[in-house]
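Below is the file run.cif, which contains mmCIF, C-alpha atoms.
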data_run
#
loop_
_atom_site.label_atom_id
_atom_site.label_comp_id
_atom_site.auth_asym_id
_atom_site.auth_seq_id
_atom_site.Cartn_x
_atom_site.Cartn_y
_atom_site.Cartn_z
CA MET A 1 38.74 79.15 -19.18
CA THR A 2 41.86 77.21 -18.41
CA ASP A 3 41.80 73.41 -18.02
CA LEU A 4 41.98 73.72 -14.29
CA GLU A 5 39.19 76.33 -14.17
CA LYS A 6 37.07 74.00 -16.29
CA SER A 7 37.70 71.09 -13.90
CA MET A 8 36.74 73.16 -10.90
CA GLU A 9 33.61 74.42 -12.61
CA SER A 10 32.55 70.97 -13.64
CA MET A 11 32.84 69.68 -10.07
CA ILE A 12 30.53 72.47 -8.89
CA THR A 13 28.13 71.89 -11.78
CA VAL A 14 27.95 68.13 -11.22
CA PHE A 15 27.30 68.60 -7.51
CA ASN A 16 24.55 71.12 -8.15
CA LYS A 17 22.92 68.96 -10.78
CA TYR A 18 22.31 66.20 -8.25
CA ALA A 19 21.76 68.37 -5.17
CA HIS A 20 19.27 70.45 -7.08
CA ASP A 21 16.13 68.47 -6.32
CA GLY A 22 14.57 67.90 -2.96
CA LYS A 23 14.23 69.97 0.16
CA ASN A 24 17.65 71.54 0.12
CA GLY A 25 18.80 72.42 -3.37
CA LYS A 26 22.27 73.11 -2.06
CA ALA A 27 22.98 69.75 -0.42
CA LEU A 28 22.93 66.06 -1.31
CA THR A 29 20.61 63.70 0.49
CA LYS A 30 21.72 60.08 0.65
CA LYS A 31 19.41 59.30 -2.23
CA GLU A 32 20.90 62.08 -4.35
CA LEU A 33 24.40 60.97 -3.39
CA ARG A 34 23.58 57.46 -4.53
CA LYS A 35 22.28 58.78 -7.83
CA LEU A 36 25.40 60.85 -8.31
CA ILE A 37 27.76 57.95 -7.62
CA GLU A 38 25.75 55.56 -9.80
CA THR A 39 25.72 57.95 -12.73
CA GLU A 40 29.00 59.79 -12.43
CA LEU A 41 31.26 57.12 -10.89
CA PRO A 42 29.89 53.84 -12.26
CA ASN A 43 33.27 52.12 -12.53
CA PHE A 44 34.06 52.91 -8.94
CA LEU A 45 30.72 51.63 -7.66
CA LYS A 46 30.93 48.47 -9.71
CA SER A 47 34.18 47.38 -8.11
CA GLN A 48 32.88 47.72 -4.53
CA LYS A 49 31.95 44.36 -3.06
CA ASN A 50 30.22 45.89 -0.07
CA PRO A 51 26.56 46.65 -0.85
CA ASN A 52 26.53 49.32 1.85
CA THR A 53 29.24 51.36 0.23
CA VAL A 54 27.05 54.42 -0.32
CA ASP A 55 25.85 54.31 3.32
CA HIS A 56 29.46 54.16 4.49
CA ILE A 57 30.45 57.04 2.31
CA MET A 58 27.51 59.14 3.52
CA LYS A 59 28.28 58.44 7.17
CA ASP A 60 31.91 59.25 6.69
CA LEU A 61 31.38 62.54 4.86
CA ASP A 62 28.48 63.96 6.86
CA GLN A 63 30.54 65.88 9.43
CA ASN A 64 27.71 67.81 11.10
CA LYS A 65 25.35 64.80 11.05
CA ASP A 66 22.48 66.63 9.40
CA ASP A 67 21.83 63.73 6.97
CA GLU A 68 22.89 65.74 3.94
CA LEU A 69 26.14 66.74 2.31
CA ASP A 70 26.93 70.31 1.40
CA PHE A 71 29.64 70.99 -1.17
CA GLU A 72 32.28 71.34 1.54
CA GLU A 73 31.47 67.91 2.96
CA PHE A 74 31.37 66.38 -0.51
CA MET A 75 34.71 67.63 -1.80
CA PRO A 76 37.00 65.48 0.39
CA PHE A 77 35.48 62.41 -1.24
CA ILE A 78 36.36 63.61 -4.71
CA ALA A 79 39.76 64.77 -3.55
CA GLY A 80 40.44 61.36 -1.98
CA LEU A 81 39.45 59.47 -5.11
CA THR A 82 41.51 61.80 -7.29
CA MET A 83 44.56 61.34 -5.12
CA ALA A 84 44.16 57.56 -5.17
CA CYS A 85 43.91 57.66 -8.97
CA GLU A 86 47.04 59.75 -9.18
CA LYS A 87 48.89 57.30 -6.95
CA TYR A 88 47.72 54.43 -9.14
CA CYS A 89 48.70 56.38 -12.20
CA SER A 90 52.23 56.94 -11.03
CA MET A 91 52.61 53.20 -10.40
CA SER A 92 51.15 52.16 -13.71
CA GLN A 93 52.98 52.24 -17.04
CA LYS A 94 49.98 53.77 -18.73
CA CYS A 95 50.58 57.00 -16.88
CA LYS A 96 53.25 57.98 -19.35
CA LYS A 97 50.39 58.84 -21.66
CA MET A 98 48.76 61.10 -19.07
CA SER A 99 51.79 63.25 -18.52
CA ILE A 100 52.54 63.75 -22.20
CA ASP A 101 49.07 65.03 -23.04
CA MET B 1 39.56 60.56 -19.76
CA ALA B 2 39.45 56.79 -20.10
CA LEU B 3 42.42 56.30 -17.78
CA VAL B 4 40.74 57.82 -14.71
CA SER B 5 37.69 55.72 -15.40
CA GLU B 6 39.82 52.62 -15.47
CA PHE B 7 41.67 53.53 -12.29
CA LEU B 8 38.41 54.13 -10.46
CA GLY B 9 37.54 50.54 -11.21
CA GLN B 10 40.64 49.45 -9.32
CA LEU B 11 39.88 51.25 -6.08
CA THR B 12 38.11 49.67 -3.15
CA LEU B 13 36.70 51.36 -0.12
CA SER B 14 37.85 49.43 2.91
CA TYR B 15 35.74 49.01 6.02
CA GLY B 16 37.52 51.91 7.68
CA GLY B 17 36.39 54.17 4.87
CA GLU B 18 39.84 54.49 3.39
CA VAL B 19 40.34 54.00 -0.28
CA GLU B 20 42.60 51.06 -0.99
CA LEU B 21 44.26 50.23 -4.22
CA LYS B 22 43.95 46.80 -5.70
CA HIS B 23 47.11 45.65 -7.37
CA PRO B 24 46.05 42.95 -9.78
CA THR B 25 48.06 41.48 -12.60
CA VAL B 26 44.93 40.30 -14.38
CA VAL B 27 42.38 42.92 -15.40
CA PRO B 28 39.33 42.76 -17.67
CA ALA B 29 40.46 42.62 -21.29
CA ARG B 30 39.41 45.52 -23.53
CA ASP B 31 37.49 44.75 -26.72
CA PHE B 32 36.16 41.64 -25.09
CA ASP B 33 34.16 39.34 -27.31
CA PRO B 34 33.04 36.27 -25.33
CA ALA B 35 31.55 34.49 -28.34
CA ARG B 36 34.78 34.78 -30.29
CA ASP B 37 36.81 33.58 -27.29
CA ALA B 38 34.45 30.64 -26.79
CA ALA B 39 34.78 29.66 -30.46
CA ARG B 40 38.57 29.87 -30.37
CA ILE B 41 38.67 27.73 -27.24
CA ASP B 42 36.42 25.17 -28.86
CA THR B 43 38.74 24.97 -31.86
CA ALA B 44 41.76 24.71 -29.57
CA ILE B 45 40.19 21.81 -27.68
CA LYS B 46 39.21 19.98 -30.86
CA THR B 47 42.67 20.43 -32.43
CA LYS B 48 44.70 17.27 -32.57
CA GLY B 49 46.90 17.20 -29.50
CA VAL B 50 44.95 20.10 -28.02
CA ASP B 51 46.19 23.64 -28.61
CA GLU B 52 47.01 24.45 -24.97
CA GLN B 53 48.70 27.74 -25.87
CA THR B 54 45.49 29.30 -27.17
CA ILE B 55 43.52 28.18 -24.13
CA ILE B 56 46.21 29.65 -21.89
CA ASP B 57 46.40 32.89 -23.90
CA ILE B 58 42.68 33.46 -23.63
CA LEU B 59 41.78 32.33 -20.12
CA THR B 60 44.76 33.82 -18.31
CA ARG B 61 44.22 37.24 -19.86
CA ARG B 62 40.54 37.62 -18.94
CA SER B 63 39.03 38.61 -15.59
CA TYR B 64 36.95 36.03 -13.72
CA GLU B 65 33.73 37.77 -14.77
CA GLN B 66 34.82 37.59 -18.38
CA ARG B 67 35.70 33.90 -18.05
CA ARG B 68 32.16 33.28 -16.82
CA GLU B 69 30.77 34.99 -19.90
CA ILE B 70 32.99 32.87 -22.11
CA ALA B 71 31.75 29.74 -20.31
CA PHE B 72 28.18 30.85 -20.92
CA GLU B 73 28.78 31.44 -24.61
CA TYR B 74 30.69 28.16 -24.92
CA GLU B 75 27.81 26.20 -23.46
CA ARG B 76 25.31 27.89 -25.75
CA PHE B 77 27.37 27.18 -28.82
CA ALA B 78 29.11 23.85 -28.12
CA LYS B 79 26.22 22.39 -26.07
CA LYS B 80 28.77 21.27 -23.53
CA ASP B 81 29.93 22.66 -20.20
CA LEU B 82 33.28 24.45 -20.53
CA VAL B 83 34.69 23.12 -17.26
CA SER B 84 34.04 19.52 -18.30
CA ALA B 85 35.54 20.18 -21.72
CA LEU B 86 38.67 21.58 -20.14
CA LYS B 87 38.87 18.61 -17.75
CA GLY B 88 38.82 16.29 -20.72
CA ALA B 89 41.31 18.22 -22.81
CA LEU B 90 43.93 19.11 -20.22
CA SER B 91 45.83 17.22 -17.58
CA GLY B 92 48.13 17.58 -14.62
CA SER B 93 49.05 20.91 -13.10
CA LEU B 94 47.82 22.84 -16.10
CA GLU B 95 44.37 21.28 -15.73
CA ALA B 96 44.27 22.12 -12.01
CA LEU B 97 45.25 25.69 -12.77
CA MET B 98 42.70 26.21 -15.55
CA LEU B 99 39.89 24.68 -13.52
CA GLY B 100 40.88 26.95 -10.63
CA LEU B 101 40.59 29.98 -12.90
CA MET B 102 37.05 29.04 -13.73
CA LYS B 103 36.03 29.41 -10.09
CA SER B 104 35.41 32.68 -8.29
CA THR B 105 37.93 33.60 -5.60
CA ALA B 106 35.57 32.55 -2.81
CA GLN B 107 34.59 29.30 -4.55
CA TYR B 108 38.24 28.48 -5.14
CA ASP B 109 39.18 29.18 -1.51
CA ALA B 110 36.20 27.14 -0.31
CA SER B 111 37.17 24.16 -2.48
CA GLU B 112 40.79 24.34 -1.38
CA LEU B 113 39.62 24.34 2.24
CA LYS B 114 37.41 21.33 1.60
CA ALA B 115 40.25 19.50 -0.11
CA SER B 116 42.61 20.16 2.79
CA MET B 117 40.21 18.44 5.19
CA LYS B 118 38.98 15.63 2.98
CA GLY B 119 39.52 12.05 3.93
CA LEU B 120 41.85 10.62 6.51
CA GLY B 121 44.34 13.17 7.70
CA THR B 122 44.40 16.91 7.23
CA ASP B 123 46.63 19.16 5.19
CA GLU B 124 47.33 21.53 8.07
CA GLU B 125 49.69 23.77 6.12
CA THR B 126 47.01 24.60 3.58
CA LEU B 127 44.38 25.01 6.27
CA ILE B 128 46.62 27.45 8.13
CA GLU B 129 47.48 29.37 4.96
CA LEU B 130 43.83 29.81 4.00
CA VAL B 131 42.27 30.53 7.39
CA CYS B 132 45.02 32.80 8.68
CA SER B 133 45.66 34.89 5.57
CA ARG B 134 42.09 35.70 4.52
CA ASN B 135 40.58 38.78 6.12
CA ASN B 136 37.17 38.96 7.74
CA GLU B 137 35.35 40.08 4.62
CA GLU B 138 36.90 37.26 2.58
CA LEU B 139 36.12 34.64 5.25
CA VAL B 140 32.48 35.69 5.46
CA GLU B 141 32.12 35.20 1.71
CA ILE B 142 34.04 31.90 1.80
CA LYS B 143 31.75 30.54 4.53
CA ARG B 144 28.69 31.44 2.51
CA VAL B 145 29.98 29.77 -0.63
CA TYR B 146 31.21 26.76 1.36
CA ARG B 147 27.69 26.15 2.64
CA ASP B 148 26.24 26.53 -0.87
CA LEU B 149 28.75 24.16 -2.42
CA PHE B 150 29.09 21.50 0.26
CA LYS B 151 25.88 21.87 2.32
CA LYS B 152 28.00 21.87 5.47
CA ASP B 153 29.20 24.61 7.81
CA LEU B 154 32.87 25.46 7.56
CA ASP B 155 33.07 25.78 11.38
CA LYS B 156 31.82 22.23 11.91
CA ASP B 157 34.19 20.75 9.37
CA VAL B 158 37.18 22.58 10.82
CA ALA B 159 36.21 21.51 14.35
CA GLY B 160 35.85 17.93 13.20
CA ASP B 161 39.23 17.88 11.57
CA THR B 162 41.49 19.59 14.09
CA SER B 163 41.96 19.50 17.84
CA GLY B 164 43.22 21.33 20.89
CA ASN B 165 44.29 24.93 20.86
CA PHE B 166 44.98 24.75 17.14
CA ALA B 167 41.31 23.99 16.58
CA LYS B 168 40.27 26.76 18.97
CA LEU B 169 42.33 29.33 17.08
CA LEU B 170 41.06 28.31 13.66
CA LEU B 171 37.47 28.27 14.91
CA ALA B 172 37.85 31.71 16.44
CA LEU B 173 39.07 33.03 13.10
CA VAL B 174 36.39 31.27 11.09
CA GLN B 175 33.72 32.77 13.35
CA THR B 176 34.67 36.15 11.86
CA ARG B 177 34.11 38.13 15.04
CA ARG B 178 36.86 40.55 14.20
CA ASP B 179 36.11 44.19 15.02
CA GLU B 180 35.82 46.62 12.16
CA PRO B 181 38.63 49.14 12.04
CA SER B 182 37.58 52.39 13.65
CA ASN B 183 38.78 55.92 13.13
CA VAL B 184 39.20 56.27 16.88
CA VAL B 185 42.45 55.00 18.39
CA ASP B 186 41.81 53.48 21.81
CA TYR B 187 45.15 53.95 23.54
CA VAL B 188 43.88 52.50 26.81
CA LYS B 189 42.76 49.30 25.14
CA ILE B 190 45.98 49.05 23.14
CA ASP B 191 47.95 49.16 26.35
CA GLU B 192 45.60 46.68 28.09
CA ASP B 193 45.86 44.24 25.22
CA ALA B 194 49.65 44.53 25.01
CA ARG B 195 49.96 43.87 28.71
CA ALA B 196 47.47 40.98 28.55
CA LEU B 197 49.45 39.32 25.74
CA TYR B 198 52.65 39.66 27.75
CA GLU B 199 51.14 38.37 30.97
CA ALA B 200 49.52 35.45 29.20
CA GLY B 201 52.74 34.37 27.55
CA VAL B 202 56.29 35.44 28.22
CA LYS B 203 55.65 36.65 31.76
CA ARG B 204 54.28 33.41 33.13
CA LYS B 205 55.18 29.78 33.17
CA GLY B 206 53.33 28.10 30.33
CA THR B 207 50.93 30.06 28.14
CA ASP B 208 47.35 31.20 28.47
CA VAL B 209 46.58 30.48 24.85
CA ALA B 210 42.92 31.43 25.20
CA THR B 211 43.82 35.08 25.85
CA TRP B 212 46.11 35.16 22.82
CA ILE B 213 43.39 33.63 20.70
CA THR B 214 40.75 36.11 21.86
CA ILE B 215 42.89 39.17 21.27
CA MET B 216 44.32 38.09 17.94
CA SER B 217 41.01 36.92 16.49
CA GLN B 218 38.73 39.72 17.67
CA ARG B 219 40.62 42.98 17.53
CA SER B 220 40.81 44.93 14.28
CA VAL B 221 44.03 44.73 12.29
CA PRO B 222 45.07 48.40 12.69
CA HIS B 223 44.47 48.04 16.45
CA LEU B 224 46.60 44.88 16.60
CA GLN B 225 49.44 46.53 14.69
CA LYS B 226 49.58 49.15 17.45
CA VAL B 227 49.25 46.50 20.17
CA PHE B 228 52.29 44.63 18.84
CA GLU B 229 54.26 47.85 18.87
CA ARG B 230 53.21 48.61 22.48
CA TYR B 231 53.96 44.97 23.35
CA LYS B 232 57.66 45.69 22.89
CA SER B 233 57.63 48.01 25.88
CA TYR B 234 56.52 45.14 28.14
CA SER B 235 58.25 42.15 26.69
CA PRO B 236 61.95 41.66 26.02
CA TYR B 237 60.95 39.66 22.93
CA ASP B 238 58.84 41.03 20.09
CA ILE B 239 55.56 39.25 19.30
CA LYS B 240 57.02 36.86 16.71
CA GLU B 241 59.88 35.80 18.95
CA SER B 242 57.41 35.40 21.80
CA ILE B 243 55.23 33.12 19.68
CA ARG B 244 58.23 30.97 18.81
CA LYS B 245 59.16 30.72 22.47
CA GLU B 246 55.70 30.03 23.84
CA VAL B 247 54.03 27.64 21.44
CA LYS B 248 55.03 24.97 18.96
CA GLY B 249 53.80 23.02 15.94
CA ASP B 250 50.64 23.96 14.08
CA LEU B 251 49.64 26.48 16.74
CA GLU B 252 52.97 28.28 16.35
CA LYS B 253 52.69 28.26 12.56
CA SER B 254 49.17 29.67 12.76
CA PHE B 255 50.02 32.54 15.10
CA LEU B 256 53.09 33.40 13.05
CA THR B 257 51.07 33.38 9.85
CA LEU B 258 48.47 35.66 11.43
CA VAL B 259 51.04 38.15 12.61
CA GLU B 260 52.88 38.14 9.27
CA CYS B 261 49.62 38.80 7.48
CA PHE B 262 48.72 41.66 9.81
CA GLU B 263 52.12 43.18 9.12
CA ASN B 264 52.35 42.67 5.38
CA ARG B 265 50.09 40.19 3.63
CA GLN B 266 51.77 40.51 0.27
CA LEU B 267 55.17 39.79 1.78
CA TYR B 268 53.71 36.66 3.41
CA PHE B 269 52.49 35.41 0.02
CA ALA B 270 55.78 36.32 -1.62
CA ASN B 271 57.69 34.29 0.98
CA ARG B 272 55.32 31.37 0.70
CA LEU B 273 55.72 31.35 -3.10
CA ASN B 274 59.47 31.43 -2.77
CA GLU B 275 59.50 28.54 -0.28
CA ALA B 276 57.12 26.49 -2.40
CA MET B 277 59.12 26.88 -5.60
CA LYS B 278 62.51 26.32 -4.08
CA SER B 279 61.46 23.23 -2.13
CA LYS B 280 62.11 19.74 -3.37
CA GLY B 281 59.23 18.60 -5.49
CA ALA B 282 58.25 22.23 -6.14
CA LYS B 283 54.97 22.43 -4.31
CA GLU B 284 52.92 23.25 -7.36
CA LYS B 285 49.62 23.18 -5.50
CA VAL B 286 50.74 26.05 -3.29
CA VAL B 287 52.05 28.07 -6.21
CA THR B 288 48.89 27.47 -8.24
CA ARG B 289 46.71 28.45 -5.32
CA ILE B 290 48.47 31.68 -4.49
CA ILE B 291 48.77 32.83 -8.10
CA ILE B 292 45.12 32.10 -8.86
CA SER B 293 43.67 33.53 -5.68
CA ARG B 294 45.68 36.75 -5.80
CA CYS B 295 46.00 37.55 -9.51
CA GLU B 296 42.93 39.76 -9.47
CA VAL B 297 43.61 41.15 -6.01
CA ASP B 298 47.21 42.03 -5.21
CA LEU B 299 49.64 39.87 -7.19
CA MET B 300 51.31 43.01 -8.55
CA LYS B 301 52.21 44.09 -5.04
CA ILE B 302 53.31 40.53 -4.20
CA ARG B 303 55.74 40.78 -7.14
CA THR B 304 57.19 43.97 -5.73
CA GLU B 305 57.64 42.47 -2.28
CA PHE B 306 59.09 39.33 -3.84
CA LYS B 307 61.77 41.24 -5.72
CA LYS B 308 62.59 43.36 -2.67
CA GLN B 309 62.92 40.38 -0.37
CA HIS B 310 64.50 37.77 -2.63
CA LYS B 311 66.44 39.93 -5.07
CA ARG B 312 65.05 38.05 -8.05
CA SER B 313 61.76 38.72 -9.77
CA LEU B 314 58.84 36.36 -9.30
CA TYR B 315 58.78 35.96 -13.07
CA GLN B 316 62.37 34.69 -13.18
CA THR B 317 61.81 32.37 -10.25
CA ILE B 318 58.74 30.82 -11.87
CA ALA B 319 60.69 30.41 -15.11
CA GLU B 320 63.47 28.65 -13.26
CA HIS B 321 61.42 26.29 -11.14
CA THR B 322 58.49 25.25 -13.29
CA LYS B 323 58.20 24.01 -16.84
CA GLY B 324 55.96 23.27 -19.79
CA ASP B 325 52.49 24.65 -20.37
CA TYR B 326 51.96 25.01 -16.63
CA GLN B 327 54.88 27.41 -16.56
CA LYS B 328 53.51 29.37 -19.51
CA ALA B 329 50.17 29.77 -17.75
CA LEU B 330 51.79 30.93 -14.51
CA LEU B 331 53.97 33.44 -16.34
CA SER B 332 50.95 34.82 -18.13
CA LEU B 333 49.03 35.26 -14.86
CA CYS B 334 52.11 36.78 -13.27
CA GLY B 335 51.86 39.54 -15.86
CA GLY B 336 55.47 40.48 -16.46
CA ASP B 337 59.06 40.61 -15.31
CA ASP B 338 60.26 43.12 -12.70
#
Please, can you express the file's structure as structure tokens?
Amino acid sequence: MTDLEKSMESMITVFNKYAHDGKNGKALTKKELRKLIETELPNFLKSQKNPNTVDHIMKDLDQNKDDELDFEEFMPFIAGLTMACEKYCSMSQKCKKMSID
Amino acid sequence: MALVSEFLGQLTLSYGGEVELKHPTVVPARDFDPARDAARIDTAIKTKGVDEQTIIDILTRRSYEQRREIAFEYERFAKKDLVSALKGALSGSLEALMLGLMKSTAQYDASELKASMKGLGTDEETLIELVCSRNNEELVEIKRVYRDLFKKDLDKDVAGDTSGNFAKLLLALVQTRRDEPSNVVDYVKIDEDARALYEAGVKRKGTDVATWITIMSQRSVPHLQKVFERYKSYSPYDIKESIRKEVKGDLEKSFLTLVECFENRQLYFANRLNEAMKSKGAKEKVVTRIIISRCEVDLMKIRTEFKKQHKRSLYQTIAEHTKGDYQKALLSLCGGDD
């Protein structure tokens, strides 16, 4: 697989790993979302001062208001974070390393 | 990839659900060893003539959380409180700066507020800077810490120390009743507010300050940015010119500060730094306060705005207008030249 194919696959795999349990194995409940963010994005969660961050994220992403996130609702969150990282990267000196690799 | 992990630690989710970047100049040091730092500081303090350079090198290149860990280790090992040890070993502006670094942002802001109101007379400039430039989230935290530290309510102290419309504005801000930004743009309300501001000020003889205070202290910042834009279609003067025409003194300074912070907070701080350093008797307190309170938040962005606005880098300006160990500490917190 190419690097990009691997990235795409890993996003699907990670989502499924956490969505797997519970009533709907294809969607994240708030609890599963929390677990995912705590385990997979610890640095991000740590820097949030607002203790209701996960609630905010859930409310924001749950477009059809069914109290769970399917993959389609989940992806914009990851896309947003990735874009913010890229923006940060292009401002920071350290990014030179990223583009050479 | 370690870089993405690090960047994620620099992102904050704002109330509106957007991801904001923090632009600090001081970040947690890698390979952090609090015990080793504590030992080195102890040696530096005990050295004849005090080795200020080492203390500066360590404390200005650690995040606040890391400084707390160093303080903890220091107390365990030297059986003394680090803050007291620093007080004894350092003096002047350097001492004030180092002690400031040992406080959390909210604690520091709370103490600066207390100091501006202490005793006979009030340091209105500092009061205005602090109350008008901190956002809702920051003020809520400051109020909490203020009550913990001083067993008094910030509202009561501000009310006791100021008067008239100036007091009313500050109190309205300190009551943190500002709306949270919403994804929905309320065009009707924007127009209503713009018209209300115009009718309360430029349109009539005198000024209905209460209306200005209500709108500017309760609406969300994104809403207000649109209101000020809409305001231009009613008033021949933009909001800043209107403020200058309608009110004077501390009230004028406060409204102007508010508006400048809604527009571009980092530019406000950059201008304030510039003013403070270029003024006679370089107002070190102001410089110290801004550098300390923003170094882990957005000092990097302040540097950019500074260079854009004043054509010289913040680094150069600090080097020109300050000296000694105090200068070295500021330069280290500043992070680099632009």
Near-region 19-33 of chain A list (12 Å; all atoms listed in the file; drop same-chain fewer than 4 positions) as a PyMOL selection string: chain A and resi 12-15+37-41+52-62+65-75+77
Distance filter 9 Å, only C-alpha atoms, chain A against chain B, as a VMD selection string: chain A and resid 41 to 50 53 56 to 57 60 80 to 82 84 to 89 94 to 95 98
Using C-alpha atoms, can you export the residues from the last selection as a PDB file, in the coordinates of the input?
ATOM      1  CA  LEU A  41      31.260  57.120 -10.890  1.00  0.00           C
ATOM      2  CA  PRO A  42      29.890  53.840 -12.260  1.00  0.00           C
ATOM      3  CA  ASN A  43      33.270  52.120 -12.530  1.00  0.00           C
ATOM      4  CA  PHE A  44      34.060  52.910  -8.940  1.00  0.00           C
ATOM      5  CA  LEU A  45      30.720  51.630  -7.660  1.00  0.00           C
ATOM      6  CA  LYS A  46      30.930  48.470  -9.710  1.00  0.00           C
ATOM      7  CA  SER A  47      34.180  47.380  -8.110  1.00  0.00           C
ATOM      8  CA  GLN A  48      32.880  47.720  -4.530  1.00  0.00           C
ATOM      9  CA  LYS A  49      31.950  44.360  -3.060  1.00  0.00           C
ATOM     10  CA  ASN A  50      30.220  45.890  -0.070  1.00  0.00           C
ATOM     11  CA  THR A  53      29.240  51.360   0.230  1.00  0.00           C
ATOM     12  CA  HIS A  56      29.460  54.160   4.490  1.00  0.00           C
ATOM     13  CA  ILE A  57      30.450  57.040   2.310  1.00  0.00           C
ATOM     14  CA  ASP A  60      31.910  59.250   6.690  1.00  0.00           C
ATOM     15  CA  GLY A  80      40.440  61.360  -1.980  1.00  0.00           C
ATOM     16  CA  LEU A  81      39.450  59.470  -5.110  1.00  0.00           C
ATOM     17  CA  THR A  82      41.510  61.800  -7.290  1.00  0.00           C
ATOM     18  CA  ALA A  84      44.160  57.560  -5.170  1.00  0.00           C
ATOM     19  CA  CYS A  85      43.910  57.660  -8.970  1.00  0.00           C
ATOM     20  CA  GLU A  86      47.040  59.750  -9.180  1.00  0.00           C
ATOM     21  CA  LYS A  87      48.890  57.300  -6.950  1.00  0.00           C
ATOM     22  CA  TYR A  88      47.720  54.430  -9.140  1.00  0.00           C
ATOM     23  CA  CYS A  89      48.700  56.380 -12.200  1.00  0.00           C
ATOM     24  CA  LYS A  94      49.980  53.770 -18.730  1.00  0.00           C
ATOM     25  CA  CYS A  95      50.580  57.000 -16.880  1.00  0.00           C
ATOM     26  CA  MET A  98      48.760  61.100 -19.070  1.00  0.00           C
TER      27      MET A  98
END
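In this model, the gap between CA of Gly164 (chain B) and CA of Thr122 (chain B) comes to 14.4 Å.
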Answer key for the PyMOL selection byres ((chain B and resi 65) around 12), residues as a PyMOL selection string: (chain A and resi 47) or (chain B and resi 26-29+32+34+59+61-64+66-72+101-105+296)
Ref. answer, residues at most 7 Å from (39.9, 18.0, 8.0) with all atoms listed in the file, as a PyMOL selection string: chain B and resi 116-118+121-122+157-158+160-162
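Taken over the whole file, the PyMOL selection byres ((chain B and resi 314) around 8) covers exactly Arg303, Phe306, Lys307, Arg312, Ser313, Tyr315, Gln316, Thr317, Ile318, Cys334, Asp337 and Asp338 of chain B.
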Residues matched by the PyMOL selection byres ((chain B and resi 85) around 12) as a VMD selection string: chain B and resid 38 41 to 46 50 55 71 74 to 75 78 to 84 86 to 91 95 98 to 99
Length of the CA of Val221 (chain B) to CA of Arg144 (chain B) vector [Å]: 22.5 Å
Shortest interatomic distance to Glu252 (chain B) - which of B:Glu138, B:Glu125, B:Glu229, B:Asp33, counting only C-alpha atoms: B:Glu125
Surrounding residues of Glu241 (chain B) excluding itself and chain neighbours under 3 positions, 12 Å, all atoms listed in the file, as an mmCIF file with C-alpha atoms, in the coordinates of the input:
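This went into out-v3.cif:
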data_model
loop_
_atom_site.group_PDB
_atom_site.id
_atom_site.type_symbol
_atom_site.label_atom_id
_atom_site.label_comp_id
_atom_site.auth_asym_id
_atom_site.auth_seq_id
_atom_site.Cartn_x
_atom_site.Cartn_y
_atom_site.Cartn_z
ATOM 1 C CA GLY B 201 52.740 34.370 27.550
ATOM 2 C CA VAL B 202 56.290 35.440 28.220
ATOM 3 C CA PHE B 228 52.290 44.630 18.840
ATOM 4 C CA TYR B 231 53.960 44.970 23.350
ATOM 5 C CA LYS B 232 57.660 45.690 22.890
ATOM 6 C CA SER B 235 58.250 42.150 26.690
ATOM 7 C CA PRO B 236 61.950 41.660 26.020
ATOM 8 C CA TYR B 237 60.950 39.660 22.930
ATOM 9 C CA ASP B 238 58.840 41.030 20.090
ATOM 10 C CA ARG B 244 58.230 30.970 18.810
ATOM 11 C CA LYS B 245 59.160 30.720 22.470
ATOM 12 C CA GLU B 246 55.700 30.030 23.840
ATOM 13 C CA VAL B 247 54.030 27.640 21.440
ATOM 14 C CA LYS B 248 55.030 24.970 18.960
ATOM 15 C CA GLU B 252 52.970 28.280 16.350
ATOM 16 C CA PHE B 255 50.020 32.540 15.100
ATOM 17 C CA LEU B 256 53.090 33.400 13.050
ATOM 18 C CA VAL B 259 51.040 38.150 12.610
#
For CA of Ile142 (chain B) and CA of Leu127 (chain B), the interatomic separation in Å (one decimal): 13.2 Å
